[in-house]
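Dropping input-v2.cif in here (mmCIF, C-alpha atoms and all ligand atoms):
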data_final
loop_
_atom_site.label_atom_id
_atom_site.label_comp_id
_atom_site.auth_asym_id
_atom_site.auth_seq_id
_atom_site.Cartn_x
_atom_site.Cartn_y
_atom_site.Cartn_z
CA MET A 412 67.28 -136.56 94.74
CA ILE A 413 65.86 -134.87 91.67
CA ASN A 414 62.68 -133.68 93.45
CA SER A 415 64.22 -132.19 96.58
CA LEU A 416 67.47 -130.88 97.97
CA PRO A 417 70.45 -133.03 96.94
CA ALA A 418 71.59 -135.09 99.95
CA LYS A 419 75.29 -134.50 99.36
CA VAL A 420 76.52 -131.28 97.81
CA GLY A 421 80.05 -130.38 96.81
CA VAL A 422 81.27 -126.82 96.44
CA LEU A 423 84.46 -126.08 94.54
CA GLY A 424 86.14 -122.96 95.94
CA GLY A 425 85.39 -121.76 99.48
CA GLY A 426 85.80 -118.02 98.89
CA ARG A 427 83.16 -115.35 99.36
CA MET A 428 80.55 -117.09 97.19
CA GLY A 429 81.55 -120.72 97.68
CA ALA A 430 81.38 -120.40 101.47
CA GLY A 431 77.98 -118.73 101.16
CA ILE A 432 76.68 -121.48 98.88
CA ALA A 433 78.01 -124.18 101.25
CA HIS A 434 76.34 -122.35 104.16
CA ALA A 435 72.98 -122.22 102.35
CA PHE A 436 72.95 -125.94 101.48
CA CYS A 437 74.21 -126.99 104.92
CA THR A 438 71.63 -124.97 106.87
CA SER A 439 68.91 -126.37 104.58
CA GLY A 440 69.83 -129.96 105.52
CA ALA A 441 72.38 -131.16 102.96
CA THR A 442 75.75 -132.71 103.76
CA VAL A 443 78.35 -130.42 102.21
CA VAL A 444 81.98 -130.78 101.24
CA VAL A 445 83.99 -127.75 100.13
CA VAL A 446 87.15 -128.34 98.10
CA GLU A 447 89.83 -125.67 98.04
CA GLN A 448 93.04 -125.35 96.04
CA ASP A 449 95.51 -125.69 98.95
CA GLU A 450 95.73 -126.02 102.74
CA ALA A 451 95.93 -122.28 103.40
CA ALA A 452 92.83 -121.59 101.31
CA ALA A 453 91.06 -124.53 102.97
CA ALA A 454 91.82 -123.12 106.43
CA ALA A 455 90.51 -119.71 105.35
CA ALA A 456 87.34 -121.33 103.96
CA ARG A 457 86.82 -123.28 107.20
CA GLU A 458 87.16 -120.07 109.22
CA ARG A 459 84.76 -118.20 106.92
CA LEU A 460 82.20 -121.00 107.23
CA ASP A 461 82.54 -121.42 110.99
CA GLY A 462 81.99 -117.67 111.36
CA SER A 463 78.92 -117.50 109.16
CA LEU A 464 77.31 -120.63 110.64
CA ALA A 465 77.91 -119.31 114.17
CA LYS A 466 76.27 -116.04 113.15
CA SER A 467 73.19 -117.88 111.82
CA VAL A 468 72.85 -119.88 115.03
CA GLU A 469 73.26 -116.71 117.12
CA LYS A 470 70.62 -114.87 115.09
CA GLY A 471 68.27 -117.85 115.25
CA THR A 472 67.98 -118.12 111.46
CA THR A 473 68.70 -121.85 111.77
CA ALA A 474 67.10 -124.18 114.32
CA GLU A 475 70.07 -126.55 114.49
CA SER A 476 73.00 -126.24 116.86
CA LEU A 477 76.41 -125.22 115.58
CA ASP A 478 77.77 -128.69 116.39
CA ASP A 479 75.02 -130.39 114.36
CA LEU A 480 75.70 -128.13 111.39
CA LYS A 481 79.45 -128.68 111.59
CA VAL A 482 78.99 -132.45 111.53
CA ARG A 483 77.50 -132.11 108.03
CA LEU A 484 80.21 -129.80 106.71
CA SER A 485 83.76 -130.66 105.72
CA VAL A 486 86.55 -128.82 103.90
CA SER A 487 89.16 -130.63 101.84
CA THR A 488 91.84 -130.08 99.22
CA ASP A 489 91.09 -133.34 97.41
CA TYR A 490 88.77 -133.38 94.39
CA ALA A 491 88.10 -137.06 95.18
CA SER A 492 85.95 -135.79 98.08
CA PHE A 493 83.29 -135.17 95.41
CA VAL A 494 83.06 -138.86 94.49
CA SER A 495 79.68 -139.45 96.17
CA ALA A 496 78.24 -135.95 95.64
CA ASP A 497 74.80 -135.59 94.03
CA LEU A 498 75.55 -132.02 92.96
CA VAL A 499 78.74 -129.96 92.78
CA VAL A 500 78.59 -126.17 92.46
CA GLU A 501 81.75 -124.57 91.10
CA ALA A 502 82.67 -121.18 92.61
CA VAL A 503 86.30 -120.56 91.61
CA PRO A 504 87.37 -117.13 90.27
CA GLU A 505 85.79 -115.72 87.12
CA ASP A 506 88.33 -116.96 84.57
CA PHE A 507 87.22 -119.10 81.64
CA ASP A 508 90.31 -121.34 81.43
CA LEU A 509 90.47 -121.84 85.20
CA LYS A 510 86.78 -122.77 85.34
CA THR A 511 86.95 -125.10 82.31
CA GLU A 512 89.90 -126.97 83.78
CA ALA A 513 88.27 -127.19 87.22
CA LEU A 514 84.87 -128.31 85.87
CA THR A 515 86.45 -131.03 83.71
CA LYS A 516 88.43 -132.28 86.67
CA VAL A 517 85.35 -132.33 88.92
CA GLU A 518 83.24 -134.10 86.27
CA GLN A 519 85.74 -136.95 86.18
CA MET A 520 85.16 -137.52 89.91
CA LEU A 521 81.38 -137.63 89.71
CA GLY A 522 79.03 -140.57 89.35
CA SER A 523 77.09 -140.69 86.07
CA ASP A 524 73.86 -139.49 87.75
CA ALA A 525 75.39 -136.51 89.56
CA TYR A 526 74.88 -132.90 88.48
CA LEU A 527 77.35 -130.08 88.02
CA ALA A 528 76.66 -126.33 88.18
CA THR A 529 78.65 -123.12 87.86
CA ASN A 530 78.18 -119.93 89.85
CA THR A 531 79.66 -117.83 87.07
CA SER A 532 78.28 -114.29 87.04
CA SER A 533 79.02 -113.60 83.37
CA LEU A 534 80.65 -116.45 81.47
CA SER A 535 78.62 -118.38 78.90
CA VAL A 536 77.20 -121.63 80.29
CA ASN A 537 77.19 -123.05 76.74
CA ARG A 538 80.90 -122.31 76.33
CA LEU A 539 81.73 -123.76 79.77
CA ALA A 540 79.76 -126.89 78.82
CA GLY A 541 81.94 -127.27 75.71
CA GLU A 542 84.61 -129.44 77.31
CA LEU A 543 82.25 -131.52 79.46
CA SER A 544 81.32 -135.08 78.56
CA ARG A 545 77.85 -134.79 80.14
CA PRO A 546 76.69 -131.24 79.26
CA GLU A 547 73.06 -132.28 79.76
CA ARG A 548 73.83 -132.59 83.50
CA PHE A 549 75.29 -129.06 83.71
CA CYS A 550 73.69 -125.65 84.29
CA GLY A 551 74.35 -122.27 85.89
CA LEU A 552 73.25 -121.55 89.47
CA HIS A 553 73.97 -117.85 89.84
CA PHE A 554 73.80 -117.04 93.55
CA PHE A 555 73.92 -113.48 94.87
CA ASN A 556 76.12 -111.99 97.53
CA PRO A 557 75.73 -112.39 100.51
CA VAL A 558 74.29 -115.84 99.72
CA PRO A 559 72.67 -116.65 103.11
CA ALA A 560 70.58 -113.44 103.06
CA SER A 561 69.93 -113.22 99.33
CA LEU A 562 66.52 -114.33 98.03
CA LEU A 563 67.38 -114.86 94.36
CA VAL A 564 69.19 -117.52 92.34
CA GLU A 565 69.31 -117.35 88.56
CA VAL A 566 69.04 -120.84 87.06
CA VAL A 567 70.90 -120.56 83.77
CA LEU A 568 70.05 -123.17 81.16
CA GLY A 569 72.53 -124.08 78.47
CA GLU A 570 71.38 -125.35 75.08
CA ARG A 571 72.16 -128.90 76.16
CA THR A 572 70.91 -128.72 79.79
CA SER A 573 68.32 -131.49 80.20
CA ARG A 574 64.69 -130.68 81.00
CA ASP A 575 64.97 -132.83 84.13
CA LEU A 576 67.82 -130.72 85.45
CA ALA A 577 66.02 -127.48 84.54
CA GLY A 578 63.08 -128.51 86.73
CA ALA A 579 65.19 -129.98 89.51
CA ALA A 580 67.42 -126.90 89.79
CA SER A 581 64.42 -124.66 90.47
CA ARG A 582 63.20 -127.05 93.15
CA TRP A 583 66.63 -127.08 94.81
CA VAL A 584 66.58 -123.27 94.90
CA GLU A 585 63.13 -123.30 96.48
CA ALA A 586 64.36 -125.83 99.05
CA LEU A 587 67.00 -123.23 99.99
CA ASN A 588 64.13 -120.77 100.64
CA LYS A 589 65.13 -118.69 97.66
CA THR A 590 63.34 -117.84 94.44
CA PRO A 591 64.60 -119.26 91.13
CA VAL A 592 64.57 -117.11 88.01
CA VAL A 593 65.07 -119.31 84.96
CA VAL A 594 67.14 -117.78 82.16
CA ASN A 595 68.36 -119.22 78.87
CA ASP A 596 72.10 -118.66 78.58
CA ALA A 597 72.69 -115.12 77.27
CA PRO A 598 75.26 -112.42 78.11
CA GLY A 599 74.63 -110.92 81.54
CA PHE A 600 71.77 -113.41 82.14
CA ALA A 601 68.77 -111.39 83.41
CA SER A 602 70.13 -109.69 86.52
CA SER A 603 73.45 -108.25 85.35
CA ARG A 604 72.05 -107.21 81.97
CA LEU A 605 69.18 -105.20 83.43
CA GLY A 606 71.11 -103.93 86.45
CA VAL A 607 73.98 -102.68 84.29
CA ALA A 608 71.62 -101.19 81.66
CA ILE A 609 69.97 -98.98 84.31
CA ALA A 610 73.30 -98.07 85.89
CA LEU A 611 74.87 -97.05 82.56
CA GLU A 612 71.89 -94.82 81.75
CA ALA A 613 72.14 -93.25 85.23
CA MET A 614 75.85 -92.53 84.58
CA ARG A 615 75.05 -90.93 81.22
CA MET A 616 72.49 -88.73 83.00
CA VAL A 617 75.12 -87.56 85.54
CA GLU A 618 77.58 -87.01 82.69
CA SER A 619 75.21 -84.82 80.70
CA GLY A 620 74.06 -82.86 83.76
CA VAL A 621 70.46 -84.10 83.87
CA ALA A 622 70.61 -84.46 87.67
CA THR A 623 73.01 -85.21 90.51
CA ALA A 624 73.91 -88.79 91.48
CA GLU A 625 71.99 -88.27 94.75
CA ASP A 626 68.82 -87.17 92.95
CA ILE A 627 68.98 -89.92 90.32
CA ASP A 628 69.30 -92.56 93.05
CA ALA A 629 66.48 -90.90 95.04
CA ALA A 630 64.24 -91.07 91.95
CA MET A 631 64.81 -94.80 91.77
CA THR A 632 64.60 -95.57 95.50
CA LEU A 633 61.52 -93.44 96.18
CA GLY A 634 59.83 -93.85 92.81
CA TYR A 635 60.60 -97.47 92.02
CA LYS A 636 61.59 -99.03 95.35
CA HIS A 637 65.13 -99.70 94.13
CA PRO A 638 66.96 -100.68 97.36
CA VAL A 639 69.73 -98.05 97.21
CA GLY A 640 69.76 -96.62 93.68
CA PRO A 641 71.74 -97.67 90.57
CA LEU A 642 74.74 -95.40 91.27
CA LYS A 643 75.15 -96.36 94.90
CA THR A 644 74.84 -100.01 93.83
CA THR A 645 77.66 -99.35 91.33
CA ASP A 646 79.79 -97.91 94.14
CA ILE A 647 79.13 -100.98 96.29
CA VAL A 648 79.83 -103.48 93.48
CA GLY A 649 82.93 -101.56 92.36
CA LEU A 650 83.24 -99.30 89.30
CA ASP A 651 86.02 -101.50 87.90
CA VAL A 652 83.79 -104.59 88.17
CA ARG A 653 80.90 -102.78 86.47
CA LEU A 654 83.22 -101.48 83.73
CA GLY A 655 84.38 -105.05 83.05
CA ILE A 656 80.79 -106.29 82.76
CA ALA A 657 79.78 -103.32 80.57
CA GLU A 658 82.71 -103.98 78.22
CA TYR A 659 81.68 -107.63 77.93
CA LEU A 660 78.02 -106.74 77.28
CA HIS A 661 79.13 -104.07 74.78
CA SER A 662 81.14 -106.67 72.86
CA THR A 663 78.32 -109.22 72.89
CA LEU A 664 75.08 -107.17 72.81
CA GLY A 665 76.10 -103.96 71.07
CA ASP A 666 76.44 -100.22 71.54
CA ARG A 667 73.66 -99.75 74.08
CA PHE A 668 76.10 -101.19 76.62
CA ALA A 669 79.06 -98.97 75.63
CA PRO A 670 80.65 -97.78 78.90
CA PRO A 671 80.18 -94.00 79.37
CA GLN A 672 83.33 -91.86 79.51
CA ILE A 673 82.55 -90.84 83.12
CA LEU A 674 82.86 -94.49 84.17
CA ARG A 675 86.18 -94.93 82.35
CA ASP A 676 87.51 -91.66 83.84
CA LYS A 677 86.56 -92.61 87.40
CA VAL A 678 88.15 -96.05 87.07
CA ALA A 679 91.33 -94.51 85.60
CA ALA A 680 91.44 -92.07 88.56
CA GLY A 681 91.15 -94.98 91.04
CA HIS A 682 87.66 -93.89 92.14
CA LEU A 683 86.41 -97.47 92.26
CA GLY A 684 83.55 -96.92 94.73
CA ARG A 685 83.08 -97.90 98.36
CA LYS A 686 86.27 -99.98 98.58
CA MET A 687 88.35 -96.89 97.68
CA GLY A 688 86.23 -94.36 99.60
CA GLN A 689 85.25 -92.57 96.38
CA GLY A 690 83.07 -93.42 93.39
CA PHE A 691 79.88 -91.62 92.41
CA PHE A 692 79.65 -90.89 96.16
CA THR A 693 82.18 -90.31 98.95
CA TRP A 694 82.29 -93.12 101.52
CA ASP A 695 83.54 -92.87 105.11
CA SER A 696 85.81 -95.71 106.17
N1 LIG B 1 81.53 -111.85 94.64
C1 LIG B 1 80.31 -111.69 94.16
O1 LIG B 1 79.57 -110.75 94.50
C2 LIG B 1 79.77 -112.69 93.16
C3 LIG B 1 78.38 -112.76 92.92
C4 LIG B 1 77.88 -113.73 92.06
C5 LIG B 1 78.75 -114.61 91.42
N2 LIG B 1 80.10 -114.52 91.65
C6 LIG B 1 80.97 -115.48 90.97
O2 LIG B 1 81.35 -116.49 91.91
C7 LIG B 1 82.65 -117.00 91.57
C8 LIG B 1 83.57 -116.90 92.78
O3 LIG B 1 83.65 -115.56 93.18
P1 LIG B 1 84.10 -115.15 94.66
O4 LIG B 1 83.75 -113.71 94.82
O5 LIG B 1 83.61 -116.13 95.65
O6 LIG B 1 85.69 -115.30 94.52
P2 LIG B 1 86.76 -115.53 95.69
O7 LIG B 1 88.05 -115.09 95.12
O8 LIG B 1 86.28 -114.95 96.98
O9 LIG B 1 86.77 -117.13 95.88
C9 LIG B 1 87.29 -118.04 94.94
C10 LIG B 1 87.86 -119.22 95.70
O10 LIG B 1 88.23 -120.23 94.76
C11 LIG B 1 89.43 -120.84 95.24
N3 LIG B 1 90.08 -121.51 94.09
C12 LIG B 1 90.79 -120.94 93.09
N4 LIG B 1 91.21 -121.89 92.23
C13 LIG B 1 90.75 -123.08 92.70
C14 LIG B 1 90.84 -124.42 92.26
N5 LIG B 1 91.48 -124.73 91.13
N6 LIG B 1 90.26 -125.39 93.01
C15 LIG B 1 89.60 -125.10 94.15
N7 LIG B 1 89.46 -123.82 94.61
C16 LIG B 1 90.03 -122.83 93.90
C17 LIG B 1 90.24 -119.69 95.84
O11 LIG B 1 91.21 -120.17 96.76
C18 LIG B 1 89.13 -118.87 96.51
O12 LIG B 1 88.92 -119.24 97.87
C19 LIG B 1 83.11 -116.19 90.36
O13 LIG B 1 82.77 -116.90 89.19
C20 LIG B 1 82.28 -114.91 90.46
O14 LIG B 1 82.09 -114.27 89.23
C21 LIG B 1 80.62 -113.59 92.51
#

Conversion result in structure tokens:
Amino acid sequence: MINSLPAKVGVLGGGRMGAGIAHAFCTSGATVVVVEQDEAAAAAARERLDGSLAKSVEKGTTAESLDDLKVRLSVSTDYASFVSADLVVEAVPEDFDLKTEALTKVEQMLGSDAYLATNTSSLSVNRLAGELSRPERFCGLHFFNPVPASLLVEVVLGERTSRDLAGAASRWVEALNKTPVVVNDAPGFASSRLGVAIALEAMRMVESGVATAEDIDAAMTLGYKHPVGPLKTTDIVGLDVRLGIAEYLHSTLGDRFAPPQILRDKVAAGHLGRKMGQGFFTWDS
């Protein structure tokens, strides 16, 4: 199992990311079980997965039939479903206590040679490993949204992650047809830290009147092939989400991540970006 895709993968939490992760492993050939917190959430996860698998089959991005894919995918509310898993990826909401409790509970279900990973986007992998009895078998697998279409996974190594797992995790990511970027555990990993750094500087430039949001984004899209520009990306992610990350990076990495006043003001005014129709740009419904 260590050299290729794990045969049986568990995913804890079948929300936006968990369903995407389950989809990616299933369409790459693994047998996948998703565990949700209750029956209603399990039904929602099942619906999300059926919809995204059907879309893949329709688009021809997977050669298998929908029926064949569904045979390899199950949704449950019982953590014991992870008993024979080779790897479990945790994708419950971004809350340290919730994740620690869930990871500890999952670890107790796993065989001694199974691996455990977290899809946290900002929490410390070293801290999450703190309560685990086999921290050497634990790492971060930071998938991006939407998972099926995204090409990147950050492999986040804790201080106690074994070398075997570090190598295997990159190979799993490659088997999913994605590219691994290996990062030692640090606030914001590589992606959020750099993405937020550029976005905060762009906000400071709008704030001090250097240029308009449109022109700053155009400089980055046309000059540096940024897909949509740092300010439009902020609108899409949500200004409240970016403010939360900036506050965390400010507290851990220092003043260069201090959130600009314009970001605080927009969040206070409810201008949270695309989801509210207004952020650095105005969005049509
Ligand atoms: N949304 C993104 O763009 C994104 C990107 C990268 C990483 N992440 C990270 O992925 C994780 C999940 O985010 P999401 O956007 O999928 O959240 P989400 O709210 O869409 O999904 C979380 C799921 O976990 C389930 N859940 C909650 N408690 C549970 C428990 N104890 N046992 C089993 N299931 C439980 C919920 O029912 C829900 O379906 C977070 O750590 C987040 O930071 C999110």

Have a look at A:Arg604, A:Lys510, A:Lys677, A:Lys643 and name the one nearest to ligand LIG 1 (chain B); count all atoms listed in the file.
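Looking only at the distances to ligand LIG 1 (chain B), the closest residue turns out to be A:Lys510.
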
Mind working out the centre and edge lengths of an axis-aligned box for ligand LIG 1 (chain B), all listed atoms inside, 5 Å added to each side, rounded to one decimal in Å and written as JSON?
{"center_x": 84.7, "center_y": -118.1, "center_z": 93.5, "size_x": 23.6, "size_y": 24.6, "size_z": 18.7}

Would you mind telling me which residue in A:Cys550, A:Leu416, A:Val446, A:Met631 lies nearest to ligand LIG 1 (chain B) when using all atoms listed in the file?
A:Val446

Within 7 Å of ligand LIG 1 (chain B), which residues of chain A come that close, and what is the closest atom pair and distance in Å for each? Count only C-alpha atoms and all ligand atoms and give it as a Markdown table.
| residue | atom | partner | partner_atom | distance |
| --- | --- | --- | --- | --- |
| A:Leu423 | CA | B:LIG1 | C15 | 5.2 |
| A:Gly424 | CA | B:LIG1 | O10 | 3.6 |
| A:Gly425 | CA | B:LIG1 | O12 | 4.6 |
| A:Gly426 | CA | B:LIG1 | O9 | 3.3 |
| A:Arg427 | CA | B:LIG1 | O5 | 3.8 |
| A:Met428 | CA | B:LIG1 | O5 | 3.6 |
| A:Gly429 | CA | B:LIG1 | O5 | 5.4 |
| A:Val446 | CA | B:LIG1 | C15 | 5.7 |
| A:Glu447 | CA | B:LIG1 | N7 | 3.9 |
| A:Gln448 | CA | B:LIG1 | C15 | 3.9 |
| A:Ala452 | CA | B:LIG1 | O11 | 5.0 |
| A:Ala456 | CA | B:LIG1 | O12 | 6.6 |
| A:Ala502 | CA | B:LIG1 | C7 | 4.3 |
| A:Val503 | CA | B:LIG1 | O10 | 3.7 |
| A:Pro504 | CA | B:LIG1 | C19 | 4.4 |
| A:Glu505 | CA | B:LIG1 | O13 | 3.8 |
| A:Leu509 | CA | B:LIG1 | N5 | 6.7 |
| A:Ala513 | CA | B:LIG1 | N5 | 5.6 |
| A:Asn530 | CA | B:LIG1 | O2 | 5.1 |
| A:Thr531 | CA | B:LIG1 | O13 | 3.9 |
| A:Ser532 | CA | B:LIG1 | O14 | 4.4 |
| A:Ser533 | CA | B:LIG1 | O14 | 6.6 |
| A:His553 | CA | B:LIG1 | C5 | 6.0 |
| A:Phe554 | CA | B:LIG1 | C4 | 5.5 |
| A:Phe555 | CA | B:LIG1 | C4 | 4.9 |
| A:Asn556 | CA | B:LIG1 | O1 | 4.8 |

List the neighbours of Ser485 in chain A out to 7 Å using only C-alpha atoms; skip same-chain residues closer than 4 positions along the sequence, and give me the result as a PDB file with C-alpha atoms, keeping the file's coordinate frame.
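Below is the file that was written, selection-v1.pdb:
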ATOM      1  CA  VAL A 443      78.350-130.420 102.210  1.00  0.00           C
ATOM      2  CA  VAL A 444      81.980-130.780 101.240  1.00  0.00           C
ATOM      3  CA  VAL A 445      83.990-127.750 100.130  1.00  0.00           C
TER       4      VAL A 445
END

As a PyMOL selection string, please: the residues near Pro670 in chain A (cut-off 7 Å, all atoms listed in the file, same-chain neighbours under 3 positions excluded).
chain A and resi 611+654+657-658+674

Write out as a list in words each polymer residue whose atoms come within 10 Å of Gln672 in chain A, counting only C-alpha atoms; drop sequence neighbours fewer than 5 positions from it.
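These residues fall inside the cut-off: Met614, Arg615, Glu618, Lys677 and Val678 of chain A.
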
Mind checking which residues fall within 6 Å of range 564-575 of chain A, counting all atoms listed in the file, ignoring those fewer than 6 positions away in the same chain, and posting them as a ChimeraX atom specification?
/A:536-537,546-547,549-554,591-596

Just-selected residues, C-alpha atoms written as a PDB file, in the frame of the given file:
ATOM      1  CA  VAL A 536      77.200-121.630  80.290  1.00  0.00           C
ATOM      2  CA  ASN A 537      77.190-123.050  76.740  1.00  0.00           C
ATOM      3  CA  PRO A 546      76.690-131.240  79.260  1.00  0.00           C
ATOM      4  CA  GLU A 547      73.060-132.280  79.760  1.00  0.00           C
ATOM      5  CA  PHE A 549      75.290-129.060  83.710  1.00  0.00           C
ATOM      6  CA  CYS A 550      73.690-125.650  84.290  1.00  0.00           C
ATOM      7  CA  GLY A 551      74.350-122.270  85.890  1.00  0.00           C
ATOM      8  CA  LEU A 552      73.250-121.550  89.470  1.00  0.00           C
ATOM      9  CA  HIS A 553      73.970-117.850  89.840  1.00  0.00           C
ATOM     10  CA  PHE A 554      73.800-117.040  93.550  1.00  0.00           C
ATOM     11  CA  PRO A 591      64.600-119.260  91.130  1.00  0.00           C
ATOM     12  CA  VAL A 592      64.570-117.110  88.010  1.00  0.00           C
ATOM     13  CA  VAL A 593      65.070-119.310  84.960  1.00  0.00           C
ATOM     14  CA  VAL A 594      67.140-117.780  82.160  1.00  0.00           C
ATOM     15  CA  ASN A 595      68.360-119.220  78.870  1.00  0.00           C
ATOM     16  CA  ASP A 596      72.100-118.660  78.580  1.00  0.00           C
TER      17      ASP A 596
END

Any idea what the distance is between CA of Asp666 in chain A and CA of Arg685 in chain A?
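Atom-to-atom, CA of Asp666 in chain A and CA of Arg685 in chain A are spaced 27.7 Å apart.
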
Quick one: range 539-558 of chain A with N, CA and C atoms, as a PDB file, in the frame of the given file?
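Result file follows (selection-v8.pdb):
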ATOM      1  N   LEU A 539      81.153-122.957  78.676  1.00  0.00           N
ATOM      2  CA  LEU A 539      81.730-123.760  79.770  1.00  0.00           C
ATOM      3  C   LEU A 539      81.370-125.231  79.609  1.00  0.00           C
ATOM      4  N   ALA A 540      80.192-125.496  79.000  1.00  0.00           N
ATOM      5  CA  ALA A 540      79.760-126.890  78.820  1.00  0.00           C
ATOM      6  C   ALA A 540      80.563-127.569  77.714  1.00  0.00           C
ATOM      7  N   GLY A 541      81.263-126.772  76.912  1.00  0.00           N
ATOM      8  CA  GLY A 541      81.940-127.270  75.710  1.00  0.00           C
ATOM      9  C   GLY A 541      82.879-128.427  75.941  1.00  0.00           C
ATOM     10  N   GLU A 542      83.605-128.401  77.060  1.00  0.00           N
ATOM     11  CA  GLU A 542      84.610-129.440  77.310  1.00  0.00           C
ATOM     12  C   GLU A 542      84.054-130.606  78.134  1.00  0.00           C
ATOM     13  N   LEU A 543      82.799-130.498  78.562  1.00  0.00           N
ATOM     14  CA  LEU A 543      82.250-131.520  79.460  1.00  0.00           C
ATOM     15  C   LEU A 543      81.737-132.724  78.672  1.00  0.00           C
ATOM     16  N   SER A 544      81.839-133.909  79.283  1.00  0.00           N
ATOM     17  CA  SER A 544      81.320-135.080  78.560  1.00  0.00           C
ATOM     18  C   SER A 544      79.836-135.298  78.834  1.00  0.00           C
ATOM     19  N   ARG A 545      79.290-134.647  79.884  1.00  0.00           N
ATOM     20  CA  ARG A 545      77.850-134.790  80.140  1.00  0.00           C
ATOM     21  C   ARG A 545      77.213-133.397  80.268  1.00  0.00           C
ATOM     22  N   PRO A 546      77.209-132.625  79.186  1.00  0.00           N
ATOM     23  CA  PRO A 546      76.690-131.240  79.260  1.00  0.00           C
ATOM     24  C   PRO A 546      75.217-131.175  79.628  1.00  0.00           C
ATOM     25  N   GLU A 547      74.491-132.275  79.409  1.00  0.00           N
ATOM     26  CA  GLU A 547      73.060-132.280  79.760  1.00  0.00           C
ATOM     27  C   GLU A 547      72.865-132.259  81.280  1.00  0.00           C
ATOM     28  N   ARG A 548      73.926-132.583  82.035  1.00  0.00           N
ATOM     29  CA  ARG A 548      73.830-132.590  83.500  1.00  0.00           C
ATOM     30  C   ARG A 548      74.481-131.340  84.099  1.00  0.00           C
ATOM     31  N   PHE A 549      74.591-130.283  83.293  1.00  0.00           N
ATOM     32  CA  PHE A 549      75.290-129.060  83.710  1.00  0.00           C
ATOM     33  C   PHE A 549      74.414-127.821  83.475  1.00  0.00           C
ATOM     34  N   CYS A 550      74.413-126.911  84.464  1.00  0.00           N
ATOM     35  CA  CYS A 550      73.690-125.650  84.290  1.00  0.00           C
ATOM     36  C   CYS A 550      74.366-124.563  85.122  1.00  0.00           C
ATOM     37  N   GLY A 551      73.873-123.352  85.035  1.00  0.00           N
ATOM     38  CA  GLY A 551      74.350-122.270  85.890  1.00  0.00           C
ATOM     39  C   GLY A 551      73.427-122.141  87.095  1.00  0.00           C
ATOM     40  N   LEU A 552      74.025-121.936  88.272  1.00  0.00           N
ATOM     41  CA  LEU A 552      73.250-121.550  89.470  1.00  0.00           C
ATOM     42  C   LEU A 552      73.907-120.272  89.947  1.00  0.00           C
ATOM     43  N   HIS A 553      73.342-119.150  89.559  1.00  0.00           N
ATOM     44  CA  HIS A 553      73.970-117.850  89.840  1.00  0.00           C
ATOM     45  C   HIS A 553      73.412-117.299  91.152  1.00  0.00           C
ATOM     46  N   PHE A 554      74.178-117.532  92.212  1.00  0.00           N
ATOM     47  CA  PHE A 554      73.800-117.040  93.550  1.00  0.00           C
ATOM     48  C   PHE A 554      74.228-115.581  93.676  1.00  0.00           C
ATOM     49  N   PHE A 555      73.603-114.887  94.640  1.00  0.00           N
ATOM     50  CA  PHE A 555      73.920-113.480  94.870  1.00  0.00           C
ATOM     51  C   PHE A 555      74.578-113.311  96.235  1.00  0.00           C
ATOM     52  N   ASN A 556      75.315-112.256  96.352  1.00  0.00           N
ATOM     53  CA  ASN A 556      76.120-111.990  97.530  1.00  0.00           C
ATOM     54  C   ASN A 556      75.426-110.981  98.451  1.00  0.00           C
ATOM     55  N   PRO A 557      75.329-111.212  99.756  1.00  0.00           N
ATOM     56  CA  PRO A 557      75.730-112.390 100.510  1.00  0.00           C
ATOM     57  C   PRO A 557      74.699-113.523 100.347  1.00  0.00           C
ATOM     58  N   VAL A 558      75.199-114.734 100.064  1.00  0.00           N
ATOM     59  CA  VAL A 558      74.290-115.840  99.720  1.00  0.00           C
ATOM     60  C   VAL A 558      73.270-116.143 100.818  1.00  0.00           C
TER      61      VAL A 558
END
